[in-house]
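File shown: coords.cif (mmCIF, C-alpha atoms).
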data_my_file
loop_
_atom_site.label_atom_id
_atom_site.label_comp_id
_atom_site.auth_asym_id
_atom_site.auth_seq_id
_atom_site.Cartn_x
_atom_site.Cartn_y
_atom_site.Cartn_z
CA MET C 1 20.66 -8.47 26.71
CA ASN C 2 20.40 -6.01 23.89
CA LYS C 3 19.94 -7.85 20.65
CA ARG C 4 21.13 -6.38 17.39
CA VAL C 5 18.09 -5.58 15.26
CA LYS C 6 18.27 -4.72 11.59
CA ILE C 7 15.29 -3.93 9.40
CA TYR C 8 15.29 -3.98 5.61
CA SER C 9 12.49 -1.78 4.34
CA THR C 10 11.18 0.56 1.67
CA PRO C 11 9.85 4.04 2.46
CA THR C 12 6.46 3.33 0.86
CA CYS C 13 5.72 -0.04 2.44
CA PRO C 14 2.92 0.16 5.03
CA TRP C 15 4.00 -3.00 6.86
CA CYS C 16 7.53 -1.62 7.17
CA GLN C 17 6.13 1.49 8.83
CA ARG C 18 3.99 -0.62 11.16
CA THR C 19 6.97 -2.80 12.05
CA LYS C 20 9.18 0.20 12.82
CA GLN C 21 6.39 1.79 14.83
CA PHE C 22 6.03 -1.43 16.83
CA LEU C 23 9.78 -1.52 17.56
CA LYS C 24 9.76 2.13 18.64
CA GLU C 25 6.77 1.60 20.92
CA ASN C 26 8.69 -1.18 22.63
CA ASN C 27 11.86 0.92 22.89
CA ILE C 28 13.83 -1.42 20.67
CA GLU C 29 16.79 0.19 18.92
CA PHE C 30 17.24 -0.85 15.32
CA GLU C 31 19.21 -0.07 12.19
CA ASP C 32 17.08 0.70 9.17
CA PHE C 33 18.25 -0.21 5.66
CA ASP C 34 16.32 1.35 2.79
CA VAL C 35 16.48 -1.30 0.08
CA SER C 36 14.98 1.04 -2.52
CA SER C 37 18.05 3.29 -2.48
CA ASN C 38 20.71 0.94 -1.12
CA GLN C 39 21.35 -1.78 -3.70
CA GLU C 40 23.88 -3.57 -1.49
CA ALA C 41 21.34 -3.83 1.31
CA ALA C 42 18.72 -5.09 -1.15
CA GLU C 43 21.01 -7.89 -2.27
CA GLU C 44 21.91 -8.69 1.34
CA MET C 45 18.21 -8.90 2.21
CA ILE C 46 17.48 -11.26 -0.69
CA ARG C 47 20.48 -13.38 0.24
CA ILE C 48 19.63 -13.80 3.93
CA SER C 49 15.87 -14.24 3.49
CA GLY C 50 15.79 -16.03 0.14
CA GLN C 51 12.93 -13.82 -0.98
CA MET C 52 12.16 -10.26 -2.09
CA GLY C 53 9.26 -9.09 0.09
CA VAL C 54 9.72 -6.33 2.64
CA PRO C 55 10.02 -5.87 5.56
CA VAL C 56 12.73 -8.31 6.63
CA LEU C 57 14.09 -8.27 10.17
CA ASP C 58 17.40 -9.62 11.29
CA ILE C 59 17.31 -10.14 15.05
CA ASP C 60 20.74 -11.39 16.12
CA GLY C 61 20.93 -13.51 12.99
CA GLU C 62 17.36 -14.81 13.16
CA ILE C 63 15.43 -13.78 10.07
CA VAL C 64 11.80 -12.69 10.17
CA VAL C 65 9.94 -12.01 6.92
CA GLY C 66 6.98 -9.63 7.17
CA PHE C 67 5.41 -8.01 10.24
CA ASP C 68 5.13 -11.26 12.18
CA LYS C 69 4.37 -9.69 15.53
CA GLU C 70 4.31 -12.90 17.55
CA ARG C 71 7.65 -14.11 16.22
CA ILE C 72 9.23 -10.67 16.73
CA LYS C 73 7.95 -10.56 20.30
CA GLU C 74 9.31 -14.03 20.95
CA LEU C 75 12.76 -13.25 19.54
CA LEU C 76 12.98 -9.99 21.48
CA GLY C 77 11.55 -11.50 24.64
CA LEU C 78 8.68 -8.98 24.82
CA MET M 1 -18.74 -22.01 27.74
CA LYS M 2 -18.68 -18.24 27.76
CA VAL M 3 -21.32 -16.62 25.56
CA TYR M 4 -20.46 -13.11 24.38
CA ASP M 5 -23.06 -10.54 23.39
CA LEU M 6 -21.18 -10.03 20.15
CA ILE M 7 -18.16 -11.23 18.21
CA ILE M 8 -16.70 -8.95 15.55
CA ILE M 9 -14.69 -10.65 12.81
CA GLY M 10 -12.10 -8.38 11.23
CA ALA M 11 -10.38 -5.17 12.31
CA GLY M 12 -10.20 -3.02 9.22
CA PRO M 13 -12.03 0.32 9.10
CA ALA M 14 -15.45 -1.42 9.37
CA GLY M 15 -14.53 -3.79 12.22
CA ILE M 16 -12.67 -1.13 14.21
CA THR M 17 -15.55 1.35 13.97
CA ALA M 18 -18.03 -1.38 14.95
CA SER M 19 -15.79 -2.15 17.97
CA VAL M 20 -15.70 1.49 19.07
CA TYR M 21 -19.49 1.68 18.90
CA ALA M 22 -19.96 -1.66 20.68
CA ALA M 23 -17.53 -0.57 23.42
CA ARG M 24 -19.44 2.67 23.93
CA LYS M 25 -22.66 0.65 24.24
CA LYS M 26 -20.84 -1.43 26.89
CA MET M 27 -21.50 -4.68 25.06
CA ASP M 28 -19.62 -7.77 26.21
CA PHE M 29 -17.76 -8.57 23.03
CA LEU M 30 -14.68 -10.05 21.39
CA VAL M 31 -12.79 -9.12 18.22
CA VAL M 32 -11.22 -11.92 16.18
CA THR M 33 -8.96 -10.76 13.37
CA LYS M 34 -6.07 -11.68 11.14
CA ASP M 35 -4.60 -8.19 11.29
CA ILE M 36 -5.29 -4.59 12.25
CA GLY M 37 -6.18 -2.17 9.48
CA GLY M 38 -6.95 -4.59 6.67
CA GLN M 39 -6.60 -3.20 3.18
CA ALA M 40 -6.47 0.38 4.50
CA ALA M 41 -3.04 -0.44 5.99
CA LEU M 42 -1.86 -1.16 2.46
CA SER M 43 -3.22 2.00 0.85
CA GLY M 44 -0.66 4.51 -0.30
CA GLU M 45 -2.42 7.83 -0.17
CA VAL M 46 -5.82 8.63 1.28
CA GLU M 47 -7.25 12.00 0.23
CA ASN M 48 -10.97 11.45 0.75
CA TYR M 49 -11.40 10.69 4.43
CA THR M 50 -13.23 13.73 5.78
CA GLY M 51 -11.10 15.80 8.13
CA TYR M 52 -7.84 14.64 6.59
CA GLN M 53 -6.92 16.33 3.34
CA PHE M 54 -4.00 13.97 3.02
CA ILE M 55 -2.99 11.01 5.14
CA SER M 56 -1.23 7.75 4.33
CA GLY M 57 -3.07 4.46 4.83
CA PRO M 58 -0.79 3.29 7.66
CA GLU M 59 -1.10 6.65 9.46
CA LEU M 60 -4.87 6.53 9.30
CA VAL M 61 -4.83 2.93 10.55
CA ALA M 62 -2.56 3.96 13.45
CA LYS M 63 -5.19 6.55 14.43
CA PHE M 64 -7.97 3.95 14.15
CA GLU M 65 -5.98 1.53 16.30
CA GLU M 66 -5.27 4.18 18.92
CA HIS M 67 -9.01 4.85 19.13
CA LEU M 68 -9.72 1.12 19.39
CA ARG M 69 -7.15 0.52 22.15
CA LYS M 70 -8.60 3.36 24.23
CA PHE M 71 -11.19 0.80 25.32
CA ALA M 72 -10.39 -2.42 27.17
CA ILE M 73 -11.44 -4.61 24.27
CA LEU M 74 -10.60 -8.28 24.07
CA ILE M 75 -8.82 -8.71 20.74
CA LYS M 76 -7.62 -12.00 19.28
CA GLU M 77 -5.07 -10.88 16.72
CA ASN M 78 -3.43 -13.13 14.12
CA GLU M 79 -6.37 -15.46 14.41
CA GLU M 80 -8.18 -16.58 11.30
CA VAL M 81 -11.83 -17.61 11.38
CA LEU M 82 -12.45 -20.96 9.69
CA GLU M 83 -16.18 -21.23 10.21
CA LEU M 84 -19.10 -19.11 11.34
CA LYS M 85 -22.54 -20.58 11.73
CA LYS M 86 -25.75 -20.28 13.68
CA GLU M 87 -26.72 -23.17 15.89
CA ASP M 88 -30.03 -22.89 17.67
CA ASP M 89 -29.92 -19.46 19.27
CA LEU M 90 -26.16 -19.08 19.29
CA VAL M 91 -23.53 -18.00 16.82
CA LEU M 92 -20.57 -20.37 16.68
CA ILE M 93 -17.13 -19.22 15.55
CA LYS M 94 -14.34 -21.66 14.90
CA THR M 95 -10.73 -20.52 14.47
CA LYS M 96 -7.54 -22.55 14.18
CA GLU M 97 -6.97 -21.92 17.87
CA ASP M 98 -10.38 -22.00 19.52
CA VAL M 99 -14.15 -22.02 19.38
CA TYR M 100 -16.20 -19.02 20.52
CA THR M 101 -19.92 -18.51 21.01
CA ALA M 102 -21.99 -15.36 21.03
CA LYS M 103 -25.53 -14.10 20.71
CA THR M 104 -24.68 -12.00 17.67
CA ALA M 105 -21.83 -11.60 15.18
CA ILE M 106 -20.61 -8.88 12.83
CA VAL M 107 -18.69 -10.04 9.76
CA ALA M 108 -16.21 -7.33 8.74
CA SER M 109 -13.59 -9.54 7.16
CA GLY M 110 -13.02 -7.43 4.05
CA LYS M 111 -11.40 -8.49 0.81
CA ARG M 112 -8.10 -9.90 -0.36
CA SER M 113 -6.16 -9.88 -3.63
CA LYS M 114 -7.39 -12.28 -6.23
CA GLU M 115 -4.86 -14.87 -7.34
CA LEU M 116 -4.11 -15.98 -10.88
CA ASN M 117 -4.24 -19.70 -10.07
CA ILE M 118 -1.59 -20.60 -12.61
CA PRO M 119 1.58 -22.70 -12.32
CA GLY M 120 4.47 -20.91 -10.64
CA GLU M 121 2.34 -18.38 -8.77
CA LYS M 122 2.69 -19.93 -5.31
CA GLU M 123 6.33 -20.93 -5.81
CA PHE M 124 7.43 -17.44 -6.79
CA LYS M 125 5.37 -15.41 -4.33
CA ASN M 126 7.82 -12.90 -2.80
CA ARG M 127 10.48 -14.29 -5.14
CA GLY M 128 9.67 -11.74 -7.79
CA LEU M 129 5.90 -12.09 -7.69
CA THR M 130 3.95 -9.71 -5.45
CA TYR M 131 0.43 -8.52 -4.75
CA CYS M 132 1.55 -5.23 -3.16
CA ALA M 133 3.09 -2.71 -5.52
CA THR M 134 3.13 -0.10 -2.77
CA CYS M 135 5.35 -2.39 -0.68
CA ASP M 136 7.65 -4.05 -3.15
CA ALA M 137 7.94 -1.85 -6.26
CA PRO M 138 11.18 -0.15 -5.09
CA LEU M 139 12.99 -3.50 -5.23
CA PHE M 140 12.60 -3.57 -9.01
CA SER M 141 14.64 -0.52 -9.90
CA GLU M 142 15.89 -0.66 -13.50
CA LYS M 143 14.35 -4.10 -14.00
CA THR M 144 11.85 -5.35 -16.55
CA VAL M 145 8.54 -6.24 -14.96
CA ALA M 146 4.99 -7.26 -15.82
CA VAL M 147 1.84 -5.86 -14.27
CA ILE M 148 -1.09 -8.23 -14.71
CA GLY M 149 -4.53 -6.67 -14.80
CA GLY M 150 -6.46 -3.95 -16.58
CA GLY M 151 -8.36 -1.95 -13.94
CA ASN M 152 -7.51 0.83 -11.52
CA SER M 153 -5.28 -1.25 -9.27
CA ALA M 154 -3.20 -2.38 -12.27
CA LEU M 155 -2.95 1.22 -13.47
CA ASP M 156 -1.95 2.37 -9.99
CA ALA M 157 0.82 -0.26 -9.83
CA THR M 158 2.02 0.73 -13.31
CA LEU M 159 2.12 4.42 -12.33
CA GLN M 160 4.27 3.56 -9.31
CA LEU M 161 6.58 1.37 -11.41
CA MET M 162 7.02 3.99 -14.15
CA LYS M 163 9.27 5.90 -11.75
CA ILE M 164 11.31 2.81 -10.87
CA ALA M 165 11.45 0.01 -13.44
CA LYS M 166 13.23 0.02 -16.78
CA GLU M 167 10.39 -1.48 -18.79
CA ILE M 168 6.84 -2.47 -17.86
CA TYR M 169 4.55 -4.87 -19.68
CA LEU M 170 0.95 -4.20 -18.76
CA ILE M 171 -0.83 -7.46 -19.46
CA ASN M 172 -4.56 -7.20 -19.85
CA ILE M 173 -6.83 -10.13 -20.63
CA THR M 174 -9.60 -8.01 -22.23
CA SER M 175 -9.50 -6.01 -25.47
CA ALA M 176 -9.02 -2.59 -23.83
CA LEU M 177 -7.88 -1.18 -20.49
CA GLY M 178 -10.52 -0.13 -17.96
CA GLY M 179 -10.04 2.17 -14.99
CA ASP M 180 -10.02 5.94 -14.65
CA PRO M 181 -9.29 7.84 -17.89
CA ILE M 182 -6.81 10.18 -16.15
CA MET M 183 -4.64 7.28 -14.96
CA ARG M 184 -5.05 5.38 -18.23
CA GLU M 185 -3.81 8.30 -20.33
CA LYS M 186 -0.68 8.69 -18.18
CA VAL M 187 0.11 5.01 -18.63
CA GLU M 188 -0.60 4.99 -22.36
CA LYS M 189 1.66 7.99 -22.97
CA ASN M 190 4.66 6.57 -21.12
CA SER M 191 7.39 5.14 -23.35
CA ARG M 192 8.49 2.58 -20.74
CA VAL M 193 5.08 0.90 -20.74
CA LYS M 194 4.08 -1.69 -23.32
CA ILE M 195 0.40 -2.56 -23.20
CA LEU M 196 -0.56 -6.07 -24.25
CA ASN M 197 -4.33 -6.43 -24.61
CA ASN M 198 -6.12 -9.74 -25.27
CA THR M 199 -3.29 -11.43 -23.44
CA GLU M 200 -3.46 -14.23 -20.91
CA VAL M 201 -0.66 -15.24 -18.56
CA LEU M 202 -0.21 -19.03 -18.51
CA GLU M 203 2.76 -19.61 -16.27
CA ILE M 204 5.32 -17.89 -14.05
CA MET M 205 8.80 -19.23 -14.69
CA GLY M 206 12.16 -18.99 -13.01
CA ASP M 207 14.79 -20.73 -10.96
CA ARG M 208 15.15 -19.26 -7.48
CA PHE M 209 13.49 -16.03 -8.57
CA VAL M 210 11.16 -15.05 -11.40
CA SER M 211 12.90 -14.90 -14.78
CA GLY M 212 9.97 -14.91 -17.17
CA ILE M 213 6.33 -15.55 -17.94
CA ARG M 214 4.59 -17.54 -20.62
CA ILE M 215 1.74 -15.65 -22.26
CA LYS M 216 -0.90 -16.31 -24.88
CA LYS M 217 -1.67 -13.40 -27.20
CA ASP M 218 -4.01 -13.81 -30.16
CA ASN M 219 -3.67 -17.59 -29.82
CA LYS M 220 0.11 -17.41 -30.06
CA ILE M 221 2.20 -18.57 -27.11
CA GLU M 222 5.24 -16.45 -26.27
CA LYS M 223 7.78 -16.11 -23.51
CA LEU M 224 8.66 -12.76 -21.97
CA ALA M 225 11.89 -12.34 -20.03
CA ILE M 226 11.06 -10.33 -16.90
CA GLN M 227 12.24 -10.17 -13.28
CA GLY M 228 9.09 -9.04 -11.54
CA VAL M 229 5.38 -9.84 -11.65
CA PHE M 230 2.76 -7.58 -10.05
CA VAL M 231 -0.61 -9.29 -9.79
CA GLU M 232 -3.40 -6.69 -9.79
CA ILE M 233 -6.48 -8.53 -11.03
CA GLY M 234 -8.90 -7.32 -8.42
CA LEU M 235 -10.19 -8.42 -5.05
CA ILE M 236 -12.35 -11.19 -3.64
CA PRO M 237 -14.39 -11.11 -0.43
CA ASN M 238 -13.24 -13.07 2.62
CA SER M 239 -16.64 -14.69 3.00
CA GLU M 240 -15.95 -18.40 2.46
CA PHE M 241 -16.06 -19.19 6.18
CA VAL M 242 -19.69 -18.07 6.56
CA LYS M 243 -21.92 -21.00 5.79
CA ASP M 244 -25.51 -20.92 4.53
CA ILE M 245 -25.68 -17.16 4.17
CA GLU M 246 -26.99 -15.31 1.13
CA LYS M 247 -24.25 -13.93 -1.12
CA ASN M 248 -24.28 -12.26 -4.52
CA GLU M 249 -22.54 -13.58 -7.66
CA PHE M 250 -19.19 -12.13 -6.47
CA GLY M 251 -19.37 -13.91 -3.11
CA GLU M 252 -20.20 -10.70 -1.25
CA ILE M 253 -22.54 -11.10 1.72
CA LYS M 254 -25.95 -9.55 1.05
CA VAL M 255 -27.07 -6.99 3.64
CA ASN M 256 -30.08 -4.72 3.97
CA CYS M 257 -29.95 -1.08 5.06
CA LYS M 258 -29.66 -2.19 8.69
CA ASN M 259 -26.66 -4.43 7.88
CA GLN M 260 -28.72 -7.55 8.56
CA THR M 261 -27.77 -10.64 6.59
CA SER M 262 -30.05 -13.53 5.65
CA ILE M 263 -29.30 -15.11 9.04
CA PRO M 264 -30.85 -13.38 12.06
CA ALA M 265 -28.20 -12.35 14.63
CA ILE M 266 -25.47 -12.18 11.99
CA PHE M 267 -24.66 -8.73 10.66
CA ALA M 268 -22.05 -7.67 8.11
CA CYS M 269 -20.32 -4.46 7.05
CA GLY M 270 -17.53 -3.08 4.90
CA ASP M 271 -15.95 -4.52 1.76
CA VAL M 272 -17.13 -8.09 2.44
CA THR M 273 -20.73 -6.98 1.81
CA ASP M 274 -22.64 -6.18 -1.37
CA VAL M 275 -22.66 -2.44 -0.51
CA VAL M 276 -21.43 -1.07 -3.81
CA GLU M 277 -18.95 1.61 -2.77
CA LYS M 278 -15.70 0.23 -1.42
CA GLN M 279 -14.30 3.20 0.45
CA ILE M 280 -12.68 3.58 3.88
CA ILE M 281 -15.21 6.16 4.97
CA VAL M 282 -18.13 4.05 3.76
CA ALA M 283 -16.77 0.98 5.58
CA CYS M 284 -16.49 3.02 8.80
CA GLY M 285 -20.08 4.22 8.49
CA GLU M 286 -21.31 0.71 7.79
CA GLY M 287 -19.38 -0.57 10.82
CA ALA M 288 -21.12 1.94 13.06
CA LYS M 289 -24.51 0.93 11.65
CA ALA M 290 -23.81 -2.78 12.10
CA ALA M 291 -22.83 -2.36 15.77
CA LEU M 292 -25.92 -0.29 16.52
CA SER M 293 -28.12 -2.84 14.72
CA ALA M 294 -26.59 -5.70 16.72
CA PHE M 295 -27.14 -3.72 19.92
CA ARG M 296 -30.78 -3.07 19.00
CA TYR M 297 -31.31 -6.72 18.06
CA LEU M 298 -30.00 -7.83 21.47
CA SER M 299 -32.20 -5.42 23.41
CA GLN M 300 -35.23 -6.67 21.52
CA GLN M 301 -34.37 -10.29 22.34
CA ARG M 302 -34.24 -9.68 26.06
#
Translate the structure described by the file into C-alpha cells.
Amino acid sequence: MNKRVKIYSTPTCPWCQRTKQFLKENNIEFEDFDVSSNQEAAEEMIRISGQMGVPVLDIDGEIVVGFDKERIKELLGL
Amino acid sequence: MKVYDLIIIGAGPAGITASVYAARKKMDFLVVTKDIGGQAALSGEVENYTGYQFISGPELVAKFEEHLRKFAILIKENEEVLELKKEDDLVLIKTKEDVYTAKTAIVASGKRSKELNIPGEKEFKNRGLTYCATCDAPLFSEKTVAVIGGGNSALDATLQLMKIAKEIYLINITSALGGDPIMREKVEKNSRVKILNNTEVLEIMGDRFVSGIRIKKDNKIEKLAIQGVFVEIGLIPNSEFVKDIEKNEFGEIKVNCKNQTSIPAIFACGDVTDVVEKQIIVACGEGAKAALSAFRYLSQQR
C-alpha cells in the first residue's frame, strides 16, 4: 500500500529538512518540489493548501501543512 | 500517581543538554515538549558552536536529537504545558493531555516570536504573513514585501529578501535602525530596500492573501501595496505557564548561578531565563548546570 507522497519545500527551510529527514528515516519515498525555483509548483502548493507556508505534504491527496509528525504518521500508517 | 525525580519542559539546546545530563545521572525523569530543537531548528547558519566552524541549525539539532535518543528517555512530544506549580512538596505539571508530578522541574521552554497584535495578523498568518524568513522568503520572489522590525532579526530577514524580492519596505517604529552596524550598512546601501523609520503598522489587509498594510508615519496614515509581511519584532519568553515565580520586566524567569528560581525544586535554563546572552552554546551550558543542580537538590532532600 504505497501511498504517493509529494513535498513542497524550500532549500533553506529547517522544517522542510526535518520533514524530509523523517520520511527518509521511515523509508518513505517522496517527490520533492522546490517552490523557490519552481513557480508552477509554488502556485500548486498555494492552491491545494490555501496558504503559503512550507513545508506542505500531499499524501494521496490529503494535505498536511507544516511538520505535523502525528498527522503524517497517521496518514502513512507508521 | 507516579512521581518522577524530574520533569524537563522543553527540548531545545538547553532542555536536550539537561536531559543528557539527567540520563547520565540515572534520574527517573520525563521530558515534555512542543517540539525538538526549539529556535535552534529555525536558525539558518551557526558559526559559533565550538567544534563546528559551520553547521546549519537543523543539522546541529539533528546531532542533539541523536545524542538525546541514545538514552531511553521518556519524551512527550507535541505536548504543551499549560501550568506548572508547586503544591506541598511536589511539582505539578498540567498539559492539554495529562497531569504529571515530580520532585523537581527544569523549565527550558525558550522563546517565541513576538506578535504585532493588530487586525489581520491572525487571519493572514501563512497567507502572506510569516514569522520565519528563513523558511518562507523564497516564496516571495520578485514580489514587494514589508519587513517589520528594526533589530538584528529584521536586518537578517531583509538581507535574505534582498536576494529574492523585488522591493522591500523595512518598517521600523523607532527613529533609527538598531542591530549590528555591518548588517545595517548592507541594508542601507541596497537600492531595493526602502527604510521607513518612525512608522507603525496598523493593519494587515487582503482578500485571500495579503495585498497591503496600513501604516502611520509622522501622524499620516497611508496604505502600502505589498504581497508579503515578515514580522521580526523580537522574541518573548514562554514563561506564562509558570505561576508565582519571580520574573524580570521582560517576563524572563529569574535564576541564580545555580539555575535555581524563586521556587525551591524548580530550576530554569536557556532563553526563557534572565541570563543575558541568548546563544545556543550558552543554553547548552545552562542546561547542564540546571540538571546537575536538580540532581544535587534531590540528593540533599533524601
Spatial neighbours of Met1 (chain M), 12 Å, only C-alpha atoms, chain gap at least 5 places, as a PyMOL selection string: chain M and resi 90+92+98-102
Can you list, as a PyMOL selection string, every protein, DNA or RNA residue that comes within 10 Å of region 55-71 of chain M when you count all atoms listed in the file, leaving out same-chain residues fewer than 2 positions away? (chain C and resi 12-18+21) or (chain M and resi 11-13+15-21+23-24+36-49+51-53+73-75+280)
Mind telling me what the PyMOL selection byres ((chain C) within 7 of (chain M)) catches here, as number ranges by chain? C: 10, 12-14, 35-36, 51-54
Can those selected residues be exported to a file as an mmCIF file, in the coordinates of the input so that it contains C-alpha atoms?
data_model
loop_
_atom_site.group_PDB
_atom_site.id
_atom_site.type_symbol
_atom_site.label_atom_id
_atom_site.label_comp_id
_atom_site.auth_asym_id
_atom_site.auth_seq_id
_atom_site.Cartn_x
_atom_site.Cartn_y
_atom_site.Cartn_z
ATOM 1 C CA THR C 10 11.180 0.560 1.670
ATOM 2 C CA THR C 12 6.460 3.330 0.860
ATOM 3 C CA CYS C 13 5.720 -0.040 2.440
ATOM 4 C CA PRO C 14 2.920 0.160 5.030
ATOM 5 C CA VAL C 35 16.480 -1.300 0.080
ATOM 6 C CA SER C 36 14.980 1.040 -2.520
ATOM 7 C CA GLN C 51 12.930 -13.820 -0.980
ATOM 8 C CA MET C 52 12.160 -10.260 -2.090
ATOM 9 C CA GLY C 53 9.260 -9.090 0.090
ATOM 10 C CA VAL C 54 9.720 -6.330 2.640
#
So, with all atoms listed in the file as the atoms that count, which of C:Pro55, C:Gly50, C:Gly61, C:Gly66 lies closest to Val5 (chain C)?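 Closest residue, counting all atoms listed in the file: C:Gly61.
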So how many Å separate CA of Gly285 (chain M) and CA of Asn259 (chain M), to one decimal?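 Taking CA of Gly285 (chain M) as the start and CA of Asn259 (chain M) as the end point, the length is 10.9 Å.
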What's the 9 Å shell around region 179-193 of chain M, counting only C-alpha atoms, without same-chain residues fewer than 6 positions away, as a list in words?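 Residues near the query, excluding close chain neighbours: Gly150, Gly151, Asn152, Ser153, Ala154, Leu155, Asp156, Thr158, Leu159, Met162, Ala165, Lys166, Glu167, Ile168, Tyr169 and Leu170 of chain M.
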Students should find that CA of Ile46 (chain C) and CA of Gly206 (chain M) are spaced 15.5 Å
Contact check, region 255-278 of chain M to region 244-247 of chain M, at most 10 Å, counting all atoms listed in the file, closest pairs as a tab-separated table:
residue	atom	partner	partner_atom	distance
M:Val255	CA	M:Glu246	CA	8.7
M:Thr261	CA	M:Glu246	CA	7.2
M:Ser262	CA	M:Glu246	CA	5.7
M:Ile263	CA	M:Ile245	CA	6.4
M:Ile266	CA	M:Ile245	CA	9.3
M:Val272	CA	M:Lys247	CA	9.9
M:Thr273	CA	M:Lys247	CA	8.3
M:Asp274	CA	M:Lys247	CA	7.9
What gap, in Å, lies between CA of Leu235 (chain M) and CA of Gln279 (chain M)?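 Computed distance, CA of Leu235 (chain M) to CA of Gln279 (chain M), equals 13.5 Å.
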Run the PyMOL selection byres ((chain C and resi 77) around 12) on the file and write out the hits as a ChimeraX atom specification. /C:1-3,26,28,59,69-76,78
Please write the residues picked by the PyMOL selection byres ((chain M and resi 103-120) around 7) on this file as a count of residues only. 38
Which residues, written as a VMD selection string, have at least one atom at most 10 Å from Asn219 (chain M), with only C-alpha atoms counted and residues fewer than 4 positions away on the same chain left out? chain M and resid 198 to 200 215
Please rebuild region 190-209 of chain M with N, CA and C atoms and give the result as a compact mmCIF listing (two decimals), in the frame of the given file.
# COMPACT_ATOMS: atom_id res chain seq x y z
N ASN M 190 3.31 6.81 -21.61
CA ASN M 190 4.66 6.57 -21.12
C ASN M 190 5.42 5.58 -22.00
N SER M 191 6.64 5.96 -22.39
CA SER M 191 7.39 5.14 -23.35
C SER M 191 7.93 3.85 -22.72
N ARG M 192 7.99 3.80 -21.39
CA ARG M 192 8.49 2.58 -20.74
C ARG M 192 7.42 1.49 -20.65
N VAL M 193 6.17 1.86 -20.91
CA VAL M 193 5.08 0.90 -20.74
C VAL M 193 4.65 0.31 -22.08
N LYS M 194 4.61 -1.01 -22.13
CA LYS M 194 4.08 -1.69 -23.32
C LYS M 194 2.77 -2.37 -22.91
N ILE M 195 1.70 -1.99 -23.56
CA ILE M 195 0.40 -2.56 -23.20
C ILE M 195 0.09 -3.75 -24.11
N LEU M 196 -0.17 -4.88 -23.49
CA LEU M 196 -0.56 -6.07 -24.25
C LEU M 196 -2.01 -6.41 -23.91
N ASN M 197 -2.92 -6.08 -24.81
CA ASN M 197 -4.33 -6.43 -24.61
C ASN M 197 -4.58 -7.84 -25.13
N ASN M 198 -5.76 -8.38 -24.83
CA ASN M 198 -6.12 -9.74 -25.27
C ASN M 198 -5.05 -10.77 -24.92
N THR M 199 -4.43 -10.58 -23.78
CA THR M 199 -3.29 -11.43 -23.44
C THR M 199 -3.51 -12.13 -22.10
N GLU M 200 -3.27 -13.42 -22.11
CA GLU M 200 -3.46 -14.23 -20.91
C GLU M 200 -2.09 -14.70 -20.41
N VAL M 201 -1.91 -14.71 -19.11
CA VAL M 201 -0.66 -15.24 -18.56
C VAL M 201 -0.89 -16.71 -18.20
N LEU M 202 -0.01 -17.59 -18.70
CA LEU M 202 -0.21 -19.03 -18.51
C LEU M 202 0.65 -19.59 -17.39
N GLU M 203 1.83 -19.01 -17.22
CA GLU M 203 2.76 -19.61 -16.27
C GLU M 203 3.81 -18.59 -15.82
N ILE M 204 4.20 -18.69 -14.55
CA ILE M 204 5.32 -17.89 -14.05
C ILE M 204 6.52 -18.81 -14.04
N MET M 205 7.62 -18.35 -14.59
CA MET M 205 8.80 -19.23 -14.69
C MET M 205 10.00 -18.62 -13.99
N GLY M 206 10.95 -19.48 -13.64
CA GLY M 206 12.16 -18.99 -13.01
C GLY M 206 12.91 -20.12 -12.35
N ASP M 207 14.01 -19.74 -11.68
CA ASP M 207 14.79 -20.73 -10.96
C ASP M 207 14.56 -20.46 -9.47
N ARG M 208 15.43 -19.65 -8.87
CA ARG M 208 15.15 -19.26 -7.48
C ARG M 208 14.18 -18.08 -7.46
N PHE M 209 14.35 -17.20 -8.46
CA PHE M 209 13.49 -16.03 -8.57
C PHE M 209 12.86 -16.00 -9.97
